[in-house]
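Participant: See run_29.csv below, with CSV, C-alpha atoms.
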chain,number,residue,atom,x,y,z
A,1,MET,CA,0.0,0.0,0.0
A,2,SER,CA,1.4,3.4,-0.9
A,3,VAL,CA,2.0,6.2,1.6
A,4,PHE,CA,-0.8,8.2,0.0
A,5,SER,CA,-3.2,5.3,0.6
A,6,GLN,CA,-1.9,4.7,4.2
A,7,LEU,CA,-2.6,8.3,5.1
A,8,SER,CA,-5.7,8.9,3.2
A,9,GLU,CA,-8.1,7.4,5.8
A,10,SER,CA,-6.8,9.8,8.5
A,11,ALA,CA,-7.1,12.8,6.2
A,12,LYS,CA,-10.6,12.2,4.8
A,13,GLN,CA,-12.6,13.8,7.5
A,14,ASN,CA,-10.2,16.6,8.5
A,15,PRO,CA,-11.3,20.3,8.9
A,16,PHE,CA,-9.8,21.2,5.5
A,17,SER,CA,-12.1,18.8,3.7
A,18,LEU,CA,-15.2,20.5,5.0
A,19,PRO,CA,-15.2,23.6,2.6
A,20,VAL,CA,-15.3,21.2,-0.3
A,21,ARG,CA,-18.9,20.5,0.3
A,22,SER,CA,-21.2,22.5,-2.0
A,23,ALA,CA,-24.9,23.5,-1.8
A,24,ASN,CA,-25.6,20.5,-3.9
A,25,CYS,CA,-23.4,18.2,-1.8
A,26,ALA,CA,-24.4,18.9,1.8
A,27,SER,CA,-23.4,15.4,2.9
A,28,GLY,CA,-19.8,15.9,1.8
A,29,ALA,CA,-20.0,13.3,-0.9
A,30,PRO,CA,-18.1,14.2,-4.1
A,31,ALA,CA,-20.0,15.7,-7.0
A,32,ALA,CA,-20.6,13.6,-10.0
A,33,GLY,CA,-17.4,12.6,-11.7
A,34,GLN,CA,-15.3,14.3,-9.0
A,35,VAL,CA,-12.4,12.5,-7.3
A,36,GLU,CA,-13.1,12.0,-3.6
A,37,PHE,CA,-11.2,14.4,-1.3
A,38,GLY,CA,-8.5,12.7,0.8
A,39,THR,CA,-8.3,9.4,-1.0
A,40,GLY,CA,-5.1,7.8,-2.3
A,41,LYS,CA,-6.2,8.7,-5.9
A,42,TYR,CA,-6.7,12.3,-4.9
A,43,TYR,CA,-3.2,12.6,-3.5
A,44,ALA,CA,-1.7,10.7,-6.4
A,45,LEU,CA,-3.3,13.1,-8.9
A,46,CYS,CA,-2.1,16.0,-6.8
A,47,ALA,CA,1.4,14.6,-7.0
A,48,PHE,CA,1.0,14.3,-10.8
A,49,GLY,CA,0.0,18.0,-10.9
A,50,GLY,CA,3.2,18.8,-9.0
A,51,VAL,CA,5.3,16.8,-11.5
A,52,LEU,CA,3.9,18.9,-14.4
A,53,SER,CA,4.0,22.2,-12.6
A,54,CYS,CA,7.6,22.0,-11.4
A,55,GLY,CA,9.1,20.0,-14.3
A,56,ILE,CA,7.7,22.2,-17.1
A,57,THR,CA,8.4,25.5,-15.4
A,58,HIS,CA,11.9,24.8,-14.3
A,59,THR,CA,12.9,23.4,-17.7
A,60,ALA,CA,11.4,26.4,-19.5
A,61,ILE,CA,13.7,28.9,-17.6
A,62,VAL,CA,16.9,26.9,-17.9
A,63,PRO,CA,18.7,29.8,-19.8
A,64,LEU,CA,17.9,32.3,-17.1
A,65,ASP,CA,18.8,29.7,-14.4
A,66,LEU,CA,22.2,29.0,-16.1
A,67,VAL,CA,23.0,32.7,-16.2
A,68,LYS,CA,22.0,33.1,-12.6
A,69,CYS,CA,24.2,30.3,-11.5
A,70,ARG,CA,27.2,31.7,-13.4
A,71,ILE,CA,26.7,35.1,-11.8
A,72,GLN,CA,26.8,33.4,-8.4
A,73,VAL,CA,29.9,31.4,-9.0
A,74,ASN,CA,31.9,33.9,-11.2
A,75,PRO,CA,30.5,37.4,-10.7
A,76,GLU,CA,33.7,39.0,-12.1
A,77,LYS,CA,33.1,37.5,-15.5
A,78,TYR,CA,29.3,37.4,-15.5
A,79,THR,CA,28.5,40.8,-14.2
A,80,GLY,CA,24.7,40.9,-14.8
A,81,ILE,CA,21.9,39.2,-16.7
A,82,GLY,CA,22.6,40.9,-20.0
A,83,ALA,CA,26.3,40.4,-19.7
A,84,GLY,CA,25.8,36.8,-18.7
A,85,PHE,CA,23.8,36.0,-21.7
A,86,ARG,CA,26.1,37.9,-24.1
A,87,THR,CA,29.3,36.2,-22.6
A,88,THR,CA,27.7,32.7,-22.7
A,89,VAL,CA,26.6,33.0,-26.3
A,90,ALA,CA,29.8,34.6,-27.5
A,91,GLU,CA,32.0,31.9,-26.0
A,92,GLU,CA,29.8,28.8,-26.3
A,93,GLY,CA,27.1,29.6,-28.8
A,94,VAL,CA,23.3,29.8,-28.4
A,95,ARG,CA,23.0,26.1,-27.6
A,96,ALA,CA,24.9,26.6,-24.4
A,97,LEU,CA,21.9,28.4,-22.9
A,98,VAL,CA,20.1,25.1,-22.6
A,99,LYS,CA,22.9,23.3,-20.8
A,100,GLY,CA,21.5,21.2,-17.9
A,101,TRP,CA,17.9,20.9,-19.3
A,102,ALA,CA,17.8,17.1,-18.9
A,103,PRO,CA,18.7,16.9,-15.2
A,104,THR,CA,16.5,20.0,-14.6
A,105,LEU,CA,13.5,18.2,-16.1
A,106,ILE,CA,14.0,15.0,-14.3
A,107,GLY,CA,15.1,16.5,-11.0
A,108,TYR,CA,12.4,19.1,-10.6
A,109,SER,CA,9.7,16.8,-11.8
A,110,ALA,CA,10.6,14.4,-9.0
A,111,GLN,CA,10.8,17.4,-6.6
A,112,GLY,CA,7.3,18.6,-7.7
A,113,LEU,CA,5.9,15.1,-7.0
A,114,GLY,CA,7.1,15.3,-3.4
A,115,LYS,CA,6.5,19.0,-2.9
A,116,PHE,CA,2.8,19.2,-3.9
A,117,GLY,CA,1.8,15.6,-3.3
A,118,PHE,CA,3.1,15.4,0.3
A,119,TYR,CA,2.0,19.0,1.0
A,120,GLU,CA,-1.6,17.9,0.4
A,121,VAL,CA,-1.0,14.9,2.6
A,122,PHE,CA,0.7,16.7,5.5
A,123,LYS,CA,-1.7,19.6,5.5
A,124,ASN,CA,-4.7,17.4,5.9
A,125,VAL,CA,-3.1,15.0,8.4
A,126,TYR,CA,-1.8,17.9,10.6
A,127,ALA,CA,-5.2,19.6,10.4
A,128,ASP,CA,-6.9,16.4,11.5
A,129,MET,CA,-4.4,16.2,14.5
A,130,LEU,CA,-5.2,19.8,15.5
A,131,GLY,CA,-9.0,19.6,15.2
A,132,GLU,CA,-11.3,21.9,13.3
A,133,GLU,CA,-11.1,25.0,15.5
A,134,ASN,CA,-7.3,24.9,16.0
A,135,ALA,CA,-6.7,24.1,12.4
A,136,TYR,CA,-8.4,27.4,11.5
A,137,LEU,CA,-6.9,29.5,14.3
A,138,TYR,CA,-3.3,28.2,13.6
A,139,ARG,CA,-3.7,27.7,9.8
A,140,THR,CA,-0.5,29.7,8.9
A,141,SER,CA,1.6,27.5,11.2
A,142,LEU,CA,-0.1,24.5,9.7
A,143,TYR,CA,0.8,25.6,6.2
A,144,LEU,CA,4.4,26.2,7.3
A,145,ALA,CA,4.7,22.8,9.0
A,146,ALA,CA,3.1,20.9,6.1
A,147,SER,CA,5.2,22.6,3.5
A,148,ALA,CA,8.5,22.1,5.4
A,149,SER,CA,7.7,18.4,5.9
A,150,ALA,CA,6.9,17.9,2.2
A,151,GLU,CA,10.0,19.7,1.0
A,152,PHE,CA,12.3,17.7,3.3
A,153,PHE,CA,11.4,14.6,1.2
A,154,ALA,CA,11.2,16.5,-2.1
A,155,ASP,CA,14.8,17.6,-1.8
A,156,ILE,CA,16.0,14.1,-1.3
A,157,LEU,CA,14.5,13.3,-4.7
A,158,LEU,CA,15.9,16.5,-6.3
A,159,ALA,CA,19.5,16.5,-4.9
A,160,PRO,CA,21.3,14.2,-7.5
A,161,MET,CA,19.9,16.0,-10.5
A,162,GLU,CA,20.5,19.4,-9.0
A,163,ALA,CA,24.2,18.5,-8.4
A,164,THR,CA,24.5,17.3,-12.0
A,165,LYS,CA,22.8,20.4,-13.4
A,166,VAL,CA,25.0,22.9,-11.6
A,167,ARG,CA,28.1,21.0,-12.5
A,168,ILE,CA,27.1,21.0,-16.2
A,169,GLN,CA,26.3,24.7,-16.1
A,170,THR,CA,29.2,26.1,-14.1
A,171,ALA,CA,32.2,23.7,-13.8
A,172,PRO,CA,34.9,24.3,-16.5
A,173,GLY,CA,35.5,21.2,-18.5
A,174,ALA,CA,32.5,19.3,-17.1
A,175,PRO,CA,30.6,17.0,-19.6
A,176,PRO,CA,27.8,19.1,-21.1
A,177,THR,CA,25.1,16.3,-20.9
A,178,LEU,CA,23.4,14.3,-18.2
A,179,ARG,CA,24.6,11.0,-19.6
A,180,GLY,CA,28.2,12.3,-19.5
A,181,CYS,CA,28.2,14.3,-16.2
A,182,ALA,CA,26.3,12.0,-13.9
A,183,PRO,CA,28.6,9.0,-14.4
A,184,LEU,CA,31.6,11.2,-14.0
A,185,ILE,CA,30.4,12.5,-10.6
A,186,TYR,CA,29.7,9.0,-9.5
A,187,LYS,CA,33.0,7.7,-10.7
A,188,THR,CA,35.1,10.4,-9.0
A,189,GLU,CA,33.0,11.2,-5.9
A,190,GLY,CA,30.6,8.3,-5.4
A,191,LEU,CA,27.1,8.8,-4.1
A,192,THR,CA,28.4,11.5,-1.8
A,193,GLY,CA,29.0,13.7,-4.8
A,194,PHE,CA,25.2,13.8,-5.5
A,195,TYR,CA,24.2,14.5,-1.9
A,196,LYS,CA,26.9,16.7,-0.5
A,197,GLY,CA,24.8,19.7,-1.4
A,198,LEU,CA,21.7,18.3,0.3
A,199,PRO,CA,22.0,20.2,3.6
A,200,PRO,CA,22.4,23.6,1.9
A,201,LEU,CA,19.6,22.5,-0.5
A,202,TRP,CA,17.4,22.0,2.5
A,203,MET,CA,18.5,25.4,3.8
A,204,ARG,CA,17.5,26.9,0.5
A,205,GLN,CA,14.4,24.9,-0.4
A,206,ILE,CA,12.6,24.4,3.0
A,207,PRO,CA,12.4,28.2,3.8
A,208,TYR,CA,11.5,28.8,0.1
A,209,THR,CA,8.7,26.3,0.1
A,210,MET,CA,7.4,27.4,3.5
A,211,MET,CA,7.2,30.9,2.2
A,212,LYS,CA,5.8,29.6,-1.2
A,213,PHE,CA,2.9,27.7,0.3
A,214,ALA,CA,2.1,29.8,3.4
A,215,CYS,CA,2.3,33.1,1.5
A,216,PHE,CA,0.3,31.7,-1.4
A,217,GLU,CA,-2.5,30.4,0.9
A,218,LYS,CA,-2.7,33.7,2.9
A,219,THR,CA,-2.5,35.8,-0.3
A,220,VAL,CA,-5.4,33.9,-1.9
A,221,GLU,CA,-7.4,34.4,1.3
A,222,ALA,CA,-6.6,38.2,1.3
A,223,LEU,CA,-7.4,38.6,-2.5
A,224,TYR,CA,-10.8,37.1,-2.1
A,225,GLN,CA,-11.5,39.1,1.0
A,226,TYR,CA,-10.2,42.5,0.0
A,227,VAL,CA,-9.6,42.6,-3.8
A,228,VAL,CA,-12.0,40.3,-5.7
A,229,PRO,CA,-15.3,42.1,-6.0
A,230,LYS,CA,-17.4,38.9,-5.5
A,231,PRO,CA,-17.3,35.7,-3.5
A,232,ARG,CA,-15.1,32.9,-4.8
A,233,ALA,CA,-18.1,30.7,-5.3
A,234,GLU,CA,-19.4,33.2,-7.9
A,235,CYS,CA,-16.1,33.4,-9.8
A,236,SER,CA,-15.7,31.3,-12.9
A,237,LYS,CA,-12.9,28.8,-13.0
A,238,GLY,CA,-10.9,31.1,-15.3
A,239,GLU,CA,-11.3,34.0,-12.8
A,240,GLN,CA,-10.2,31.7,-10.0
A,241,LEU,CA,-7.1,30.7,-11.9
A,242,ILE,CA,-6.2,34.4,-12.4
A,243,VAL,CA,-6.3,34.9,-8.6
A,244,THR,CA,-4.1,31.8,-8.3
A,245,PHE,CA,-1.5,33.3,-10.7
A,246,VAL,CA,-1.4,36.7,-9.0
A,247,ALA,CA,-1.1,35.1,-5.5
A,248,GLY,CA,1.6,32.8,-6.9
A,249,TYR,CA,3.7,35.7,-8.2
A,250,ILE,CA,3.5,37.6,-4.9
A,251,ALA,CA,4.6,34.5,-3.0
A,252,GLY,CA,7.4,33.9,-5.5
A,253,VAL,CA,9.0,37.3,-4.8
A,254,PHE,CA,9.2,36.6,-1.1
A,255,CYS,CA,10.5,33.1,-1.8
A,256,ALA,CA,13.4,34.3,-3.8
A,257,ILE,CA,14.5,36.8,-1.1
A,258,VAL,CA,14.3,34.3,1.7
A,259,SER,CA,16.1,31.5,0.0
A,260,HIS,CA,18.7,33.3,-2.1
A,261,PRO,CA,21.8,33.1,0.2
A,262,ALA,CA,21.5,29.3,0.5
A,263,ASP,CA,20.9,29.1,-3.3
A,264,THR,CA,24.3,30.8,-3.8
A,265,VAL,CA,26.0,28.3,-1.5
A,266,VAL,CA,24.4,25.4,-3.3
A,267,SER,CA,25.7,26.7,-6.7
A,268,LYS,CA,29.2,27.2,-5.3
A,269,LEU,CA,29.2,23.7,-3.7
A,270,ASN,CA,28.2,21.9,-6.8
A,271,GLN,CA,30.7,23.9,-8.9
A,272,ASP,CA,33.7,22.9,-6.8
A,273,SER,CA,34.0,19.4,-5.6
A,274,GLN,CA,36.5,20.4,-2.8
A,275,ALA,CA,34.4,23.3,-1.4
A,276,THR,CA,32.5,23.4,1.9
A,277,ALA,CA,29.5,25.5,2.9
A,278,GLY,CA,31.4,27.1,5.7
A,279,GLY,CA,34.3,28.0,3.5
A,280,ILE,CA,32.1,29.4,0.8
A,281,LEU,CA,30.2,31.6,3.3
A,282,LYS,CA,33.5,32.9,4.8
A,283,LYS,CA,34.9,33.7,1.3
A,284,LEU,CA,31.8,35.4,-0.1
A,285,GLY,CA,30.8,37.4,3.0
A,286,PHE,CA,27.4,39.0,3.4
A,287,ALA,CA,27.4,40.9,0.2
A,288,GLY,CA,28.6,38.0,-1.9
A,289,VAL,CA,25.7,35.6,-1.1
A,290,TRP,CA,23.3,38.1,-2.6
A,291,LYS,CA,24.9,38.1,-6.0
A,292,GLY,CA,22.3,37.2,-8.7
A,293,LEU,CA,19.3,38.2,-6.6
A,294,VAL,CA,17.6,40.3,-9.3
A,295,PRO,CA,17.5,37.6,-11.9
A,296,ARG,CA,16.4,35.1,-9.3
A,297,ILE,CA,13.5,37.3,-8.2
A,298,ILE,CA,12.4,37.5,-11.9
A,299,MET,CA,12.9,33.8,-12.3
A,300,ILE,CA,11.3,32.6,-9.1
A,301,GLY,CA,8.4,35.1,-9.2
A,302,THR,CA,7.4,33.9,-12.7
A,303,LEU,CA,8.2,30.3,-11.8
A,304,THR,CA,6.1,30.3,-8.7
A,305,ALA,CA,3.1,32.0,-10.4
A,306,LEU,CA,3.2,29.5,-13.3
A,307,GLN,CA,3.6,26.5,-11.0
A,308,TRP,CA,0.5,27.4,-9.0
A,309,PHE,CA,-1.4,28.2,-12.2
A,310,ILE,CA,-0.4,24.8,-13.8
A,311,TYR,CA,-1.1,22.9,-10.5
A,312,ASP,CA,-4.5,24.5,-10.1
A,313,SER,CA,-5.3,24.0,-13.8
A,314,VAL,CA,-4.5,20.3,-13.5
A,315,LYS,CA,-6.9,20.1,-10.5
A,316,VAL,CA,-9.6,21.7,-12.7
A,317,ALA,CA,-8.9,19.4,-15.7
A,318,LEU,CA,-8.9,16.2,-13.5
A,319,ASN,CA,-12.0,17.3,-11.6
A,320,LEU,CA,-10.2,17.3,-8.2
A,321,PRO,CA,-11.8,19.1,-5.2
A,322,ARG,CA,-10.4,22.7,-4.8
A,323,PRO,CA,-11.5,23.9,-1.3
A,324,PRO,CA,-12.1,27.6,-1.0
A,325,PRO,CA,-10.1,29.7,1.6
A,326,PRO,CA,-10.8,28.4,5.1
A,327,GLU,CA,-13.8,29.9,7.0
A,328,MET,CA,-14.2,30.2,10.8
A,329,PRO,CA,-16.0,27.0,12.0
A,330,ALA,CA,-19.5,27.6,13.4
A,331,SER,CA,-18.5,26.2,16.8
A,332,LEU,CA,-15.7,28.8,17.1
A,333,LYS,CA,-18.1,31.6,16.0
A,334,ALA,CA,-20.5,30.5,18.8
A,335,LYS,CA,-17.7,30.5,21.4
A,336,LEU,CA,-16.5,34.0,20.4
A,337,ALA,CA,-20.1,35.3,20.4
A,338,ALA,CA,-20.6,33.8,23.9
A,339,GLN,CA,-17.5,35.7,25.2
A,340,GLN,CA,-18.8,39.1,24.0
Can the structure from this file be put into structure tokens for me?
Facilitator:
Amino acid sequence: MSVFSQLSESAKQNPFSLPVRSANCASGAPAAGQVEFGTGKYYALCAFGGVLSCGITHTAIVPLDLVKCRIQVNPEKYTGIGAGFRTTVAEEGVRALVKGWAPTLIGYSAQGLGKFGFYEVFKNVYADMLGEENAYLYRTSLYLAASASAEFFADILLAPMEATKVRIQTAPGAPPTLRGCAPLIYKTEGLTGFYKGLPPLWMRQIPYTMMKFACFEKTVEALYQYVVPKPRAECSKGEQLIVTFVAGYIAGVFCAIVSHPADTVVSKLNQDSQATAGGILKKLGFAGVWKGLVPRIIMIGTLTALQWFIYDSVKVALNLPRPPPPEMPASLKAKLAAQQ
């Protein structure tokens, strides 16, 4: 039995499943043709949505990612976005801009599976543990905990391909393809070569993902409450997806800032097989770890917005439940009213 199936029973009747019920579905049963919330199939399809959202978006921005990594590891030569593109094309040709696309596609597809699939699992399991009222009151902490838990496992799936990608893009003389570079890393460094960047990867990705999910969830809630002129239930699916995109971009900007120093360390570590995280931080100093922030804000803002848009679109296409922003439980409203 899969982990999704093992956890599905405990997550079926959690507080976050309650908003899925519609006026035509007061009993909580799924609408005709809709996948039941909290089942193994539901989580598996969410994971599939994560594969598409992360794999497609990260692969699409490989040229910008390549330039960003080169600015981080060699800022004297690659002094900015424009200069980075010009230097790369002048020295290696246009084809060099897509170096690392294969490990990017494979690695981030695997990461997306863990990131989105396990987020849905952990969010619902943790909500069930807290109970309906506490899940609402402490929902931001719940989002943070669920996303951190999911990203811990997602990064284990990502690390080997991330190490290979950065080596291809930044190390002089490295084989320019996945089938050439990955065997070389294994031959010279063993499995350690693929996972030595895992701790700083966790340092980069866990804060990033915590911000990505918590900021997104809270931004969606705020947009429907203060910006969108009508209730979410009255919005078309297209209008809801626009809100998803806007909230995703806002979340992405904050994600980039929070995780950038660790991203620089990861790039440096995977460029130089002899480097250590402590040595890199000492050498770069405070200012050095922020090199490449502007292109990363552009990259991550766009990336995060598109990921949430694709993920939500997959849910729409596969007829998965898409709960609205949480509402205060009636029992909690009654308690607050009694205290007044």
Participant: Using only C-alpha atoms, determine which residues lie at most 8 Å from segment 215-221 of chain A, disregarding the query and same-chain residues fewer than 5 positions distant; provide the list as number ranges by chain.
Facilitator: A: 140, 143, 210, 243-244, 247-248, 250-251, 325-326
Participant: Work out how far apart atom CA of Pro231 of chain A and atom CA of Arg322 of chain A are and give it in Å to one decimal.
Facilitator: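 Distance reported for this atom pair: 14.8 Å.
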Participant: Pick out the residues sitting within 12 Å of segment 85-95 of chain A, and hand them over as a PyMOL selection string; count all atoms listed in the file, and ignore anything fewer than 5 positions along from it in its own chain.
Facilitator: chain A and resi 62-71+74+76-80+100-101+169-170+172+176+295
Participant: For a quick check of understanding, using all atoms listed in the file, which of A:Tyr208, A:Tyr138, A:Phe116, A:Tyr224 has the smallest distance to Gly252 of chain A?
Facilitator: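 With all atoms listed in the file as the atom set, the closest residue is A:Tyr208.
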Participant: Could you check which of A:Gly301, A:Gly38, A:Pro324, A:Gly82 is closest to Gln225 of chain A, using all atoms listed in the file?
Facilitator: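 Distance minimum relative to Gln225 of chain A lands on A:Pro324.
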Participant: Within 8 Å of (6.6, 25.7, 6.8) (coordinates as in the file), grab all the protein and nucleic acid residues, counting all atoms listed in the file, and write them out as a PyMOL selection string.
Facilitator: chain A and resi 141-149+206-207+209-211+213-214
Participant: So how far away is atom CA of Leu223 of chain A from atom CA of Glu120 of chain A, in Å?
Facilitator: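 Between these atoms lies a distance of 21.7 Å.
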Participant: Would you mind reading off the distance between atom CA of Leu130 of chain A and atom CA of Ala154 of chain A, one decimal, in Å?
Facilitator: 24.3 Å
Participant: Please list as a PyMOL selection string every residue within 9 Å of Ile106 of chain A, counting all atoms listed in the file and excluding residues in the same chain fewer than 3 positions away.
Facilitator: chain A and resi 55+101-103+109-111+158+161
Participant: Rank nothing, just name the residue among A:Trp290, A:Phe37, A:Tyr126, A:Tyr108 nearest to Ala256 of chain A, using only C-alpha atoms.
Facilitator: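 For Ala256 of chain A, the nearest of the candidates is A:Trp290.
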Participant: As a list in words, please: the residues near Ile185 of chain A (cut-off 8 Å, all atoms listed in the file, same-chain neighbours under 4 positions excluded).
Facilitator: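 The residues that qualify are Thr164, Cys181, Glu189, Gly190, Gly193 and Phe194 of chain A.
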Participant: What are the nearest atom pairs, with distances in Å to one decimal, for all residues of segment 95-190 of chain A that come at most 12 Å from segment 333-340 of chain A, using all atoms listed in the file, set out by chain and rising residue number as a tab-separated table?
Facilitator:
residue	atom	partner	partner_atom	distance
A:Glu133	CA	A:Lys333	CA	9.6
A:Tyr136	CA	A:Lys333	CA	11.5
A:Leu137	CA	A:Lys333	CA	11.5
Participant: Missing atoms in segment 299-307 of chain A: can you complete it with all heavy atoms, as a PDB file, in the frame of the given file?
Facilitator:
ATOM      1  N   MET A 299      13.090  35.205 -11.982  1.00  0.00           N
ATOM      2  CA  MET A 299      12.900  33.800 -12.300  1.00  0.00           C
ATOM      3  C   MET A 299      11.917  33.132 -11.350  1.00  0.00           C
ATOM      4  O   MET A 299      10.966  32.466 -11.787  1.00  0.00           O
ATOM      5  CB  MET A 299      14.271  33.074 -12.202  1.00  0.00           C
ATOM      6  CG  MET A 299      14.211  31.592 -12.527  1.00  0.00           C
ATOM      7  SD  MET A 299      15.829  30.801 -12.398  1.00  0.00           S
ATOM      8  CE  MET A 299      15.960  30.606 -10.617  1.00  0.00           C
ATOM      9  N   ILE A 300      12.100  33.332 -10.044  1.00  0.00           N
ATOM     10  CA  ILE A 300      11.300  32.600  -9.100  1.00  0.00           C
ATOM     11  C   ILE A 300       9.856  33.210  -9.018  1.00  0.00           C
ATOM     12  O   ILE A 300       8.878  32.477  -8.843  1.00  0.00           O
ATOM     13  CB  ILE A 300      11.916  32.698  -7.670  1.00  0.00           C
ATOM     14  CG1 ILE A 300      13.257  31.945  -7.672  1.00  0.00           C
ATOM     15  CG2 ILE A 300      10.993  32.117  -6.612  1.00  0.00           C
ATOM     16  CD1 ILE A 300      13.142  30.484  -8.034  1.00  0.00           C
ATOM     17  N   GLY A 301       9.717  34.532  -9.202  1.00  0.00           N
ATOM     18  CA  GLY A 301       8.400  35.100  -9.200  1.00  0.00           C
ATOM     19  C   GLY A 301       7.551  34.524 -10.362  1.00  0.00           C
ATOM     20  O   GLY A 301       6.414  34.071 -10.155  1.00  0.00           O
ATOM     21  N   THR A 302       8.139  34.512 -11.555  1.00  0.00           N
ATOM     22  CA  THR A 302       7.400  33.900 -12.700  1.00  0.00           C
ATOM     23  C   THR A 302       7.224  32.442 -12.523  1.00  0.00           C
ATOM     24  O   THR A 302       6.141  31.907 -12.797  1.00  0.00           O
ATOM     25  CB  THR A 302       8.268  34.179 -13.993  1.00  0.00           C
ATOM     26  OG1 THR A 302       8.526  35.577 -14.126  1.00  0.00           O
ATOM     27  CG2 THR A 302       7.528  33.675 -15.218  1.00  0.00           C
ATOM     28  N   LEU A 303       8.260  31.772 -12.035  1.00  0.00           N
ATOM     29  CA  LEU A 303       8.200  30.300 -11.800  1.00  0.00           C
ATOM     30  C   LEU A 303       7.090  29.934 -10.879  1.00  0.00           C
ATOM     31  O   LEU A 303       6.273  29.049 -11.171  1.00  0.00           O
ATOM     32  CB  LEU A 303       9.555  29.863 -11.283  1.00  0.00           C
ATOM     33  CG  LEU A 303       9.844  28.370 -11.223  1.00  0.00           C
ATOM     34  CD1 LEU A 303      10.200  27.861 -12.610  1.00  0.00           C
ATOM     35  CD2 LEU A 303      11.005  28.113 -10.274  1.00  0.00           C
ATOM     36  N   THR A 304       7.047  30.605  -9.737  1.00  0.00           N
ATOM     37  CA  THR A 304       6.100  30.300  -8.700  1.00  0.00           C
ATOM     38  C   THR A 304       4.638  30.527  -9.187  1.00  0.00           C
ATOM     39  O   THR A 304       3.726  29.721  -8.950  1.00  0.00           O
ATOM     40  CB  THR A 304       6.342  31.038  -7.415  1.00  0.00           C
ATOM     41  OG1 THR A 304       7.693  30.805  -7.004  1.00  0.00           O
ATOM     42  CG2 THR A 304       5.403  30.614  -6.299  1.00  0.00           C
ATOM     43  N   ALA A 305       4.453  31.658  -9.876  1.00  0.00           N
ATOM     44  CA  ALA A 305       3.100  32.000 -10.400  1.00  0.00           C
ATOM     45  C   ALA A 305       2.674  30.914 -11.402  1.00  0.00           C
ATOM     46  O   ALA A 305       1.524  30.440 -11.350  1.00  0.00           O
ATOM     47  CB  ALA A 305       3.154  33.352 -11.074  1.00  0.00           C
ATOM     48  N   LEU A 306       3.560  30.530 -12.301  1.00  0.00           N
ATOM     49  CA  LEU A 306       3.200  29.500 -13.300  1.00  0.00           C
ATOM     50  C   LEU A 306       2.987  28.152 -12.672  1.00  0.00           C
ATOM     51  O   LEU A 306       2.107  27.397 -13.101  1.00  0.00           O
ATOM     52  CB  LEU A 306       4.295  29.433 -14.372  1.00  0.00           C
ATOM     53  CG  LEU A 306       4.383  30.626 -15.325  1.00  0.00           C
ATOM     54  CD1 LEU A 306       5.593  30.496 -16.242  1.00  0.00           C
ATOM     55  CD2 LEU A 306       3.110  30.747 -16.158  1.00  0.00           C
ATOM     56  N   GLN A 307       3.779  27.827 -11.646  1.00  0.00           N
ATOM     57  CA  GLN A 307       3.600  26.500 -11.000  1.00  0.00           C
ATOM     58  C   GLN A 307       2.219  26.422 -10.340  1.00  0.00           C
ATOM     59  O   GLN A 307       1.526  25.414 -10.506  1.00  0.00           O
ATOM     60  CB  GLN A 307       4.690  26.333  -9.925  1.00  0.00           C
ATOM     61  CG  GLN A 307       6.035  25.946 -10.500  1.00  0.00           C
ATOM     62  CD  GLN A 307       7.086  25.756  -9.427  1.00  0.00           C
ATOM     63  OE1 GLN A 307       6.829  25.962  -8.240  1.00  0.00           O
ATOM     64  NE2 GLN A 307       8.274  25.375  -9.830  1.00  0.00           N
TER      65      GLN A 307
END
